[in-house]
file query-v4.txt (compact mmCIF, C-alpha atoms and all ligand atoms)
# COMPACT_ATOMS: atom_id res chain seq x y z
CA MET W 186 111.27 157.10 108.35
CA PRO W 187 109.66 159.69 106.05
CA PHE W 188 106.34 161.23 107.00
CA ARG W 189 103.60 159.82 104.77
CA VAL W 190 101.31 162.56 103.50
CA GLY W 191 98.07 162.07 101.59
CA LEU W 192 97.57 164.62 98.82
CA ILE W 193 93.84 164.41 98.22
CA SER W 194 92.33 165.78 95.03
CA GLY W 195 88.62 166.28 95.73
CA SER W 196 87.00 166.50 92.30
CA ALA W 197 85.48 163.47 90.62
CA ARG W 198 84.07 164.84 87.35
CA VAL W 199 84.84 163.00 84.09
CA VAL W 200 86.76 166.09 82.90
CA ARG W 201 88.23 168.20 85.68
CA ALA W 202 90.95 170.57 86.69
CA GLY W 203 91.56 169.00 90.11
CA PRO W 204 94.50 166.65 89.47
CA GLN W 205 96.59 169.31 87.73
CA ILE W 206 95.94 171.78 90.55
CA ALA W 207 96.92 169.09 93.08
CA THR W 208 100.13 168.56 91.10
CA PHE W 209 100.79 172.31 91.22
CA VAL W 210 100.28 172.40 95.02
CA ARG W 211 102.53 169.38 95.42
CA GLY W 212 105.21 171.15 93.34
CA VAL W 213 105.12 174.20 95.62
CA ILE W 214 105.43 171.99 98.70
CA GLU W 215 108.20 169.84 97.23
CA LYS W 216 110.16 172.97 96.33
CA ASP W 217 109.95 174.04 99.98
CA ILE W 218 110.96 170.59 101.19
CA ALA W 219 113.97 170.64 98.85
CA SER W 220 115.00 174.11 100.04
CA GLN W 221 114.91 173.09 103.70
CA SER W 222 115.77 169.39 103.54
CA THR W 223 114.94 169.05 107.25
CA VAL W 224 112.06 166.70 106.68
CA ALA W 225 111.58 163.57 104.59
CA VAL W 226 108.14 163.20 103.04
CA GLU W 227 106.52 160.55 100.89
CA PHE W 228 103.28 161.56 99.13
CA ASP W 229 100.35 159.27 98.44
CA VAL W 230 98.34 161.03 95.72
CA ILE W 231 94.67 160.21 96.23
CA ASP W 232 92.30 161.07 93.40
CA VAL W 233 88.76 160.90 94.76
CA GLY W 234 87.53 160.48 91.18
CA THR W 235 89.22 157.10 90.79
CA LEU W 236 88.63 155.66 94.27
CA ASP W 237 86.92 152.31 94.43
CA LEU W 238 84.09 153.54 96.67
CA PRO W 239 80.32 153.65 96.04
CA ALA W 240 78.90 157.13 95.50
CA HIS W 241 76.90 156.79 98.72
CA TYR W 242 77.96 155.61 102.16
CA ASP W 243 76.86 151.98 102.40
CA GLU W 244 78.25 150.68 105.71
CA PRO W 245 75.55 149.69 108.25
CA GLY W 246 77.41 151.22 111.19
CA ILE W 247 78.65 154.65 112.24
CA PRO W 248 82.38 155.04 111.50
CA SER W 249 83.12 156.75 114.82
CA HIS W 250 81.66 153.71 116.64
CA VAL W 251 83.72 151.11 114.79
CA GLU W 252 86.04 149.47 117.34
CA ASN W 253 88.42 147.37 115.27
CA ILE W 254 89.53 149.01 112.06
CA PRO W 255 89.48 147.79 109.37
CA ASP W 256 88.05 144.39 110.38
CA ASP W 257 84.69 145.62 111.65
CA TYR W 258 83.77 147.24 108.36
CA VAL W 259 81.36 145.13 106.34
CA HIS W 260 82.62 146.00 102.88
CA GLU W 261 85.98 145.23 101.33
CA HIS W 262 86.05 148.68 99.64
CA THR W 263 85.78 150.31 103.09
CA ARG W 264 88.54 148.11 104.51
CA ALA W 265 90.88 149.03 101.66
CA TRP W 266 90.11 152.76 102.06
CA SER W 267 90.55 152.46 105.83
CA GLN W 268 93.98 150.83 105.50
CA ARG W 269 95.14 153.45 103.01
CA ILE W 270 94.13 156.41 105.20
CA ALA W 271 95.30 154.75 108.44
CA SER W 272 98.78 154.40 106.90
CA LEU W 273 99.11 158.17 106.36
CA ASP W 274 100.35 160.75 108.88
CA ALA W 275 98.91 164.01 107.50
CA PHE W 276 96.86 165.37 104.62
CA VAL W 277 96.83 168.14 102.03
CA PHE W 278 93.29 168.54 100.69
CA VAL W 279 92.96 170.21 97.29
CA THR W 280 89.30 170.85 96.54
CA PRO W 281 87.05 172.66 94.11
CA GLN W 282 83.92 174.45 95.29
CA TYR W 283 80.59 173.21 94.00
CA ASN W 284 77.74 175.65 94.65
CA TRP W 285 79.54 177.08 97.68
CA GLY W 286 80.07 173.62 99.13
CA VAL W 287 82.42 170.63 99.36
CA PRO W 288 82.12 168.23 96.38
CA ALA W 289 79.80 165.35 97.27
CA ALA W 290 82.37 162.70 96.26
CA LEU W 291 84.97 164.17 98.59
CA LYS W 292 82.53 164.42 101.50
CA ASN W 293 81.43 160.83 100.86
CA ALA W 294 85.04 159.57 100.90
CA ILE W 295 85.67 161.44 104.17
CA ASP W 296 82.46 160.16 105.79
CA TYR W 297 83.37 156.50 105.18
CA LEU W 298 86.00 156.71 107.93
CA PHE W 299 86.58 158.45 111.25
CA LYS W 300 89.34 157.10 113.47
CA GLU W 301 91.67 156.86 110.47
CA TRP W 302 91.50 160.69 110.12
CA ARG W 303 91.13 161.80 113.73
CA GLY W 304 94.00 163.70 115.35
CA LYS W 305 96.04 163.97 112.17
CA PRO W 306 97.31 167.31 110.80
CA PHE W 307 95.86 168.75 107.60
CA MET W 308 95.76 171.80 105.38
CA VAL W 309 93.23 172.83 102.73
CA VAL W 310 93.77 174.46 99.34
CA SER W 311 90.60 175.36 97.43
CA TYR W 312 90.17 176.66 93.91
CA GLY W 313 87.44 178.10 91.72
CA GLY W 314 86.19 181.15 89.91
CA HIS W 315 86.35 183.05 93.19
CA GLY W 316 88.82 180.74 94.93
CA GLY W 317 86.36 178.35 96.53
CA GLY W 318 86.58 179.94 99.97
CA HIS W 319 83.16 178.70 101.07
CA ALA W 320 84.09 175.08 100.31
CA ALA W 321 87.41 175.55 102.10
CA ALA W 322 85.69 176.96 105.19
CA ALA W 323 83.19 174.09 105.21
CA LEU W 324 85.97 171.52 104.83
CA GLN W 325 87.92 173.09 107.71
CA LEU W 326 84.82 172.72 109.89
CA ILE W 327 84.18 169.11 108.83
CA LEU W 328 87.77 168.00 109.41
CA GLY W 329 88.76 170.22 112.33
CA GLY W 330 85.42 170.19 114.14
CA GLY W 331 83.47 167.13 113.05
CA ILE W 332 86.39 164.73 112.96
CA ASP W 333 88.81 166.48 115.34
CA MET W 334 91.77 166.60 112.98
CA LYS W 335 94.51 169.20 113.58
CA ALA W 336 94.18 172.15 111.20
CA ALA W 337 97.21 174.15 110.12
CA PRO W 338 96.56 177.41 112.04
CA ALA W 339 97.20 179.54 108.94
CA GLY W 340 93.86 178.31 107.62
CA PRO W 341 92.89 177.43 104.08
CA VAL W 342 94.47 178.85 100.94
CA SER W 343 92.12 179.86 98.11
CA LEU W 344 93.26 179.92 94.49
CA SER W 345 91.07 182.03 92.18
CA PHE W 346 91.09 181.42 88.46
CA PRO W 347 92.51 184.66 87.03
CA ASN W 348 89.80 185.19 84.42
CA ARG W 349 86.75 183.67 82.77
CA GLY W 350 88.87 182.08 80.05
CA VAL W 351 90.79 180.03 82.61
CA LEU W 352 87.53 179.12 84.40
CA LYS W 353 86.14 177.78 81.10
CA LYS W 354 89.32 175.79 80.43
CA ALA W 355 89.21 174.37 83.95
CA ALA W 356 85.57 173.37 83.55
CA LYS W 357 86.49 171.48 80.37
CA GLY W 358 89.47 169.82 82.02
CA GLU W 359 91.91 171.48 79.62
CA ASP W 360 95.58 172.06 80.38
CA LEU W 361 95.85 175.20 82.53
CA GLU W 362 99.61 175.38 81.92
CA LEU W 363 100.33 175.86 85.60
CA ALA W 364 103.98 176.82 85.46
CA GLY W 365 106.09 177.29 88.57
CA ASP W 366 105.05 180.94 88.86
CA ALA W 367 101.28 180.33 88.79
CA TRP W 368 99.44 181.97 91.70
CA ALA W 369 102.75 183.56 92.69
CA ASP W 370 100.99 185.62 95.37
CA LYS W 371 99.57 182.47 97.02
CA GLN W 372 102.60 180.22 97.03
CA ALA W 373 103.92 181.68 100.30
CA ASP W 374 100.54 180.94 101.91
CA ILE W 375 100.71 177.31 100.74
CA VAL W 376 104.24 177.02 102.14
CA ALA W 377 103.23 178.65 105.45
CA ALA W 378 100.34 176.20 105.93
CA TRP W 379 102.55 173.28 104.89
CA ARG W 380 105.25 174.21 107.41
CA GLN W 381 102.59 174.25 110.11
CA VAL W 382 101.50 170.76 109.07
CA VAL W 383 105.12 169.66 109.48
CA GLU W 384 105.31 171.33 112.92
CA LEU W 385 102.15 169.52 113.98
CA LEU W 386 103.61 166.25 112.70
CA GLN W 387 106.86 166.77 114.55
CA ALA W 388 104.98 167.59 117.76
CA VAL W 389 103.19 164.23 117.71
C1 LIG Y 1 78.68 171.45 90.04
C2 LIG Y 1 79.59 172.65 89.95
C3 LIG Y 1 79.39 173.71 90.81
C4 LIG Y 1 80.26 174.81 90.77
N1 LIG Y 1 80.11 175.79 91.70
C5 LIG Y 1 81.03 176.78 91.75
C6 LIG Y 1 81.01 177.72 92.82
O1 LIG Y 1 80.20 177.67 93.74
N2 LIG Y 1 81.94 178.72 92.80
C7 LIG Y 1 82.90 178.80 91.82
O2 LIG Y 1 83.73 179.70 91.86
N3 LIG Y 1 82.95 177.91 90.82
C8 LIG Y 1 82.05 176.90 90.76
N4 LIG Y 1 82.11 175.97 89.76
C9 LIG Y 1 83.14 176.12 88.72
C10 LIG Y 1 84.42 175.40 89.15
O3 LIG Y 1 85.26 176.29 89.87
C11 LIG Y 1 85.19 174.90 87.93
O4 LIG Y 1 84.32 174.19 87.07
C12 LIG Y 1 86.33 173.97 88.32
O5 LIG Y 1 86.94 173.51 87.15
C13 LIG Y 1 85.80 172.79 89.16
O6 LIG Y 1 86.86 171.96 89.56
P1 LIG Y 1 87.09 170.53 88.88
O7 LIG Y 1 87.32 170.82 87.41
O8 LIG Y 1 88.32 169.99 89.53
O9 LIG Y 1 85.86 169.73 89.10
C14 LIG Y 1 81.28 174.87 89.79
C15 LIG Y 1 81.45 173.79 88.92
C16 LIG Y 1 80.64 172.69 89.01
C17 LIG Y 1 80.90 171.51 88.10
call {"tool": "encode", "arguments": {"input": "query-v4.txt", "output": "structure tokens", "more": "lines below"}}
Ligand SMILES: Cc1cc2nc3c(=O)[nH]c(=O)nc-3n(C[C@H](O)[C@H](O)[C@H](O)COP(=O)(O)O)c2cc1C
result
Amino acid sequence: MPFRVGLISGSARVVRAGPQIATFVRGVIEKDIASQSTVAVEFDVIDVGTLDLPAHYDEPGIPSHVENIPDDYVHEHTRAWSQRIASLDAFVFVTPQYNWGVPAALKNAIDYLFKEWRGKPFMVVSYGGHGGGHAAAALQLILGGGIDMKAAPAGPVSLSFPNRGVLKKAAKGEDLELAGDAWADKQADIVAAWRQVVELLQAV
């Protein structure tokens, strides 16, 4: 059975760079998987921008107190989200940084659930004008501390836009032409964190 990994793209703007950066990260990981062929992985690409969830948490209860998932959730949108995340073994979060923080839509999607995330391995890749390191650090704390997921020990990887021109293109959702050699100096860090996610998965 392949491991099922959620590749979560955290931006929800109408025009955004997120999905193409998630595709780039996936490409780096898939290249590593192909070179090693010791692990079978199936990705579920989750675009927070197209999820069928309200913009604000609207369940009456506290997710960590819910006993029977997904049946005890009141809303069908929560049950569907719960089943999707419960079916996955590990996660690669790819997130922008908004004003030094985690995008509200991503935080909202995380907060809807608890037991579906808990104990599962994850890694974080952030991006932004300066790499989005503050958002990455906050996300590590939310997932590793607040929800008790298992963080890849290498920590988050931050991808900085190389110049203001690229930042402007990203903001407009234009094609960043992320070829295989983009962020060449960071690809080894992505692979290192990914391999730790696999180790955590295999240890389960
Ligand atoms: C609301 C908002 C806040 C932002 N805050 C930051 C920031 O704190 N640091 C940074 O480097 N870039 C920041 N940016 C610029 C983003 O890095 C850039 O717009 C990027 O394209 C956002 O990712 P997205 O296109 O996937 O939404 C911000 C952009 C937005 C829309």
call {"tool": "residues_around", "arguments": {"input": "query-v4.txt", "residues": "W:Gln221", "least_positions_apart": "6", "cutoff": "12 Å", "atoms": "all atoms listed in the file", "output": "list in words"}}
result
Ile214, Glu215, Val376, Arg380 and Val383 of chain W
call {"tool": "residues_near_point", "arguments": {"input": "query-v4.txt", "point": "(93.8, 165.1, 88.5)", "cutoff": "10 Å", "atoms": "only C-alpha atoms", "output": "PDB file with C-alpha atoms, in the coordinates of the input"}}
result
ATOM      1  CA  ILE W 193      93.840 164.410  98.220  1.00  0.00           C
ATOM      2  CA  SER W 194      92.330 165.780  95.030  1.00  0.00           C
ATOM      3  CA  GLY W 195      88.620 166.280  95.730  1.00  0.00           C
ATOM      4  CA  SER W 196      87.000 166.500  92.300  1.00  0.00           C
ATOM      5  CA  ALA W 197      85.480 163.470  90.620  1.00  0.00           C
ATOM      6  CA  ARG W 198      84.070 164.840  87.350  1.00  0.00           C
ATOM      7  CA  VAL W 200      86.760 166.090  82.900  1.00  0.00           C
ATOM      8  CA  ARG W 201      88.230 168.200  85.680  1.00  0.00           C
ATOM      9  CA  ALA W 202      90.950 170.570  86.690  1.00  0.00           C
ATOM     10  CA  GLY W 203      91.560 169.000  90.110  1.00  0.00           C
ATOM     11  CA  PRO W 204      94.500 166.650  89.470  1.00  0.00           C
ATOM     12  CA  GLN W 205      96.590 169.310  87.730  1.00  0.00           C
ATOM     13  CA  ILE W 206      95.940 171.780  90.550  1.00  0.00           C
ATOM     14  CA  ALA W 207      96.920 169.090  93.080  1.00  0.00           C
ATOM     15  CA  THR W 208     100.130 168.560  91.100  1.00  0.00           C
ATOM     16  CA  VAL W 230      98.340 161.030  95.720  1.00  0.00           C
ATOM     17  CA  ILE W 231      94.670 160.210  96.230  1.00  0.00           C
ATOM     18  CA  ASP W 232      92.300 161.070  93.400  1.00  0.00           C
ATOM     19  CA  VAL W 233      88.760 160.900  94.760  1.00  0.00           C
ATOM     20  CA  GLY W 234      87.530 160.480  91.180  1.00  0.00           C
ATOM     21  CA  THR W 235      89.220 157.100  90.790  1.00  0.00           C
ATOM     22  CA  GLY W 358      89.470 169.820  82.020  1.00  0.00           C
TER      23      GLY W 358
END
call {"tool": "closest_residue", "arguments": {"input": "query-v4.txt", "among": "W:Tyr258, W:Phe278, W:Trp379, W:Tyr283", "to": "W:Leu328", "atoms": "all atoms listed in the file"}}
result
W:Phe278
call {"tool": "residues_around", "arguments": {"input": "query-v4.txt", "residues": "stretch 337-343 of chain W", "least_positions_apart": "4", "cutoff": "7 Å", "atoms": "all atoms listed in the file", "output": "PyMOL selection string"}}
result
chain W and resi 306-312+316-318+321+374-375+378+381-382
call {"tool": "atom_distance", "arguments": {"input": "query-v4.txt", "atom1": "atom CA of W:Val226", "atom2": "atom CA of W:Arg189"}}
result
5.9 Å
call {"tool": "axis_aligned_box", "arguments": {"input": "query-v4.txt", "around": "ligand LIG 1 (chain Y)", "padding_each_side": "4 Å", "output": "AutoDock Vina command-line options"}}
result
--center_x 83.5 --center_y 174.7 --center_z 90.4 --size_x 17.6 --size_y 18.0 --size_z 14.7
call {"tool": "closest_residue", "arguments": {"input": "query-v4.txt", "among": "W:Val279, W:Ala369, W:Val389, W:Ala322", "to": "ligand LIG 1 (chain Y)", "atoms": "all atoms listed in the file"}}
result
W:Val279
call {"tool": "closest_residue", "arguments": {"input": "query-v4.txt", "among": "W:Ala373, W:Ala367, W:Ala355, W:Val259", "to": "ligand LIG 1 (chain Y)", "atoms": "only C-alpha atoms and all ligand atoms"}}
result
W:Ala355
call {"tool": "decode", "arguments": {"input": "query-v4.txt", "residues": "stretch 243-258 of chain W", "atoms": "N, CA and C atoms", "output": "PDB file, in the first residue's frame"}}
result
ATOM      1  N   ASP W 243     -17.371  27.045  12.086  1.00  0.00           N
ATOM      2  CA  ASP W 243     -18.790  27.156  12.444  1.00  0.00           C
ATOM      3  C   ASP W 243     -19.360  25.900  13.106  1.00  0.00           C
ATOM      4  N   GLU W 244     -18.466  25.031  13.624  1.00  0.00           N
ATOM      5  CA  GLU W 244     -18.978  23.890  14.406  1.00  0.00           C
ATOM      6  C   GLU W 244     -19.265  24.372  15.832  1.00  0.00           C
ATOM      7  N   PRO W 245     -20.289  23.815  16.497  1.00  0.00           N
ATOM      8  CA  PRO W 245     -20.565  24.245  17.878  1.00  0.00           C
ATOM      9  C   PRO W 245     -19.558  23.698  18.889  1.00  0.00           C
ATOM     10  N   GLY W 246     -18.917  22.578  18.563  1.00  0.00           N
ATOM     11  CA  GLY W 246     -18.034  21.941  19.543  1.00  0.00           C
ATOM     12  C   GLY W 246     -16.565  22.267  19.325  1.00  0.00           C
ATOM     13  N   ILE W 247     -15.735  21.691  20.201  1.00  0.00           N
ATOM     14  CA  ILE W 247     -14.284  21.844  20.101  1.00  0.00           C
ATOM     15  C   ILE W 247     -13.741  20.595  19.419  1.00  0.00           C
ATOM     16  N   PRO W 248     -13.021  20.737  18.299  1.00  0.00           N
ATOM     17  CA  PRO W 248     -12.595  19.545  17.556  1.00  0.00           C
ATOM     18  C   PRO W 248     -11.859  18.506  18.404  1.00  0.00           C
ATOM     19  N   SER W 249     -11.039  18.944  19.344  1.00  0.00           N
ATOM     20  CA  SER W 249     -10.282  17.967  20.142  1.00  0.00           C
ATOM     21  C   SER W 249     -11.182  17.161  21.075  1.00  0.00           C
ATOM     22  N   HIS W 250     -12.425  17.633  21.294  1.00  0.00           N
ATOM     23  CA  HIS W 250     -13.364  16.922  22.173  1.00  0.00           C
ATOM     24  C   HIS W 250     -14.304  16.003  21.408  1.00  0.00           C
ATOM     25  N   VAL W 251     -14.274  16.073  20.097  1.00  0.00           N
ATOM     26  CA  VAL W 251     -15.197  15.260  19.294  1.00  0.00           C
ATOM     27  C   VAL W 251     -14.809  13.788  19.437  1.00  0.00           C
ATOM     28  N   GLU W 252     -15.769  12.947  19.837  1.00  0.00           N
ATOM     29  CA  GLU W 252     -15.442  11.539  20.099  1.00  0.00           C
ATOM     30  C   GLU W 252     -15.493  10.690  18.846  1.00  0.00           C
ATOM     31  N   ASN W 253     -16.577  10.787  18.105  1.00  0.00           N
ATOM     32  CA  ASN W 253     -16.722   9.948  16.914  1.00  0.00           C
ATOM     33  C   ASN W 253     -16.583  10.797  15.659  1.00  0.00           C
ATOM     34  N   ILE W 254     -15.430  10.635  14.997  1.00  0.00           N
ATOM     35  CA  ILE W 254     -15.252  11.391  13.754  1.00  0.00           C
ATOM     36  C   ILE W 254     -15.569  10.470  12.582  1.00  0.00           C
ATOM     37  N   PRO W 255     -16.258  10.951  11.558  1.00  0.00           N
ATOM     38  CA  PRO W 255     -16.754  12.319  11.388  1.00  0.00           C
ATOM     39  C   PRO W 255     -18.193  12.521  11.878  1.00  0.00           C
ATOM     40  N   ASP W 256     -18.821  11.468  12.444  1.00  0.00           N
ATOM     41  CA  ASP W 256     -20.270  11.529  12.679  1.00  0.00           C
ATOM     42  C   ASP W 256     -20.707  12.633  13.646  1.00  0.00           C
ATOM     43  N   ASP W 257     -19.850  12.952  14.624  1.00  0.00           N
ATOM     44  CA  ASP W 257     -20.264  13.931  15.632  1.00  0.00           C
ATOM     45  C   ASP W 257     -20.177  15.381  15.155  1.00  0.00           C
ATOM     46  N   TYR W 258     -19.596  15.584  13.982  1.00  0.00           N
ATOM     47  CA  TYR W 258     -19.609  16.960  13.462  1.00  0.00           C
ATOM     48  C   TYR W 258     -21.017  17.294  12.997  1.00  0.00           C
TER      49      TYR W 258
END
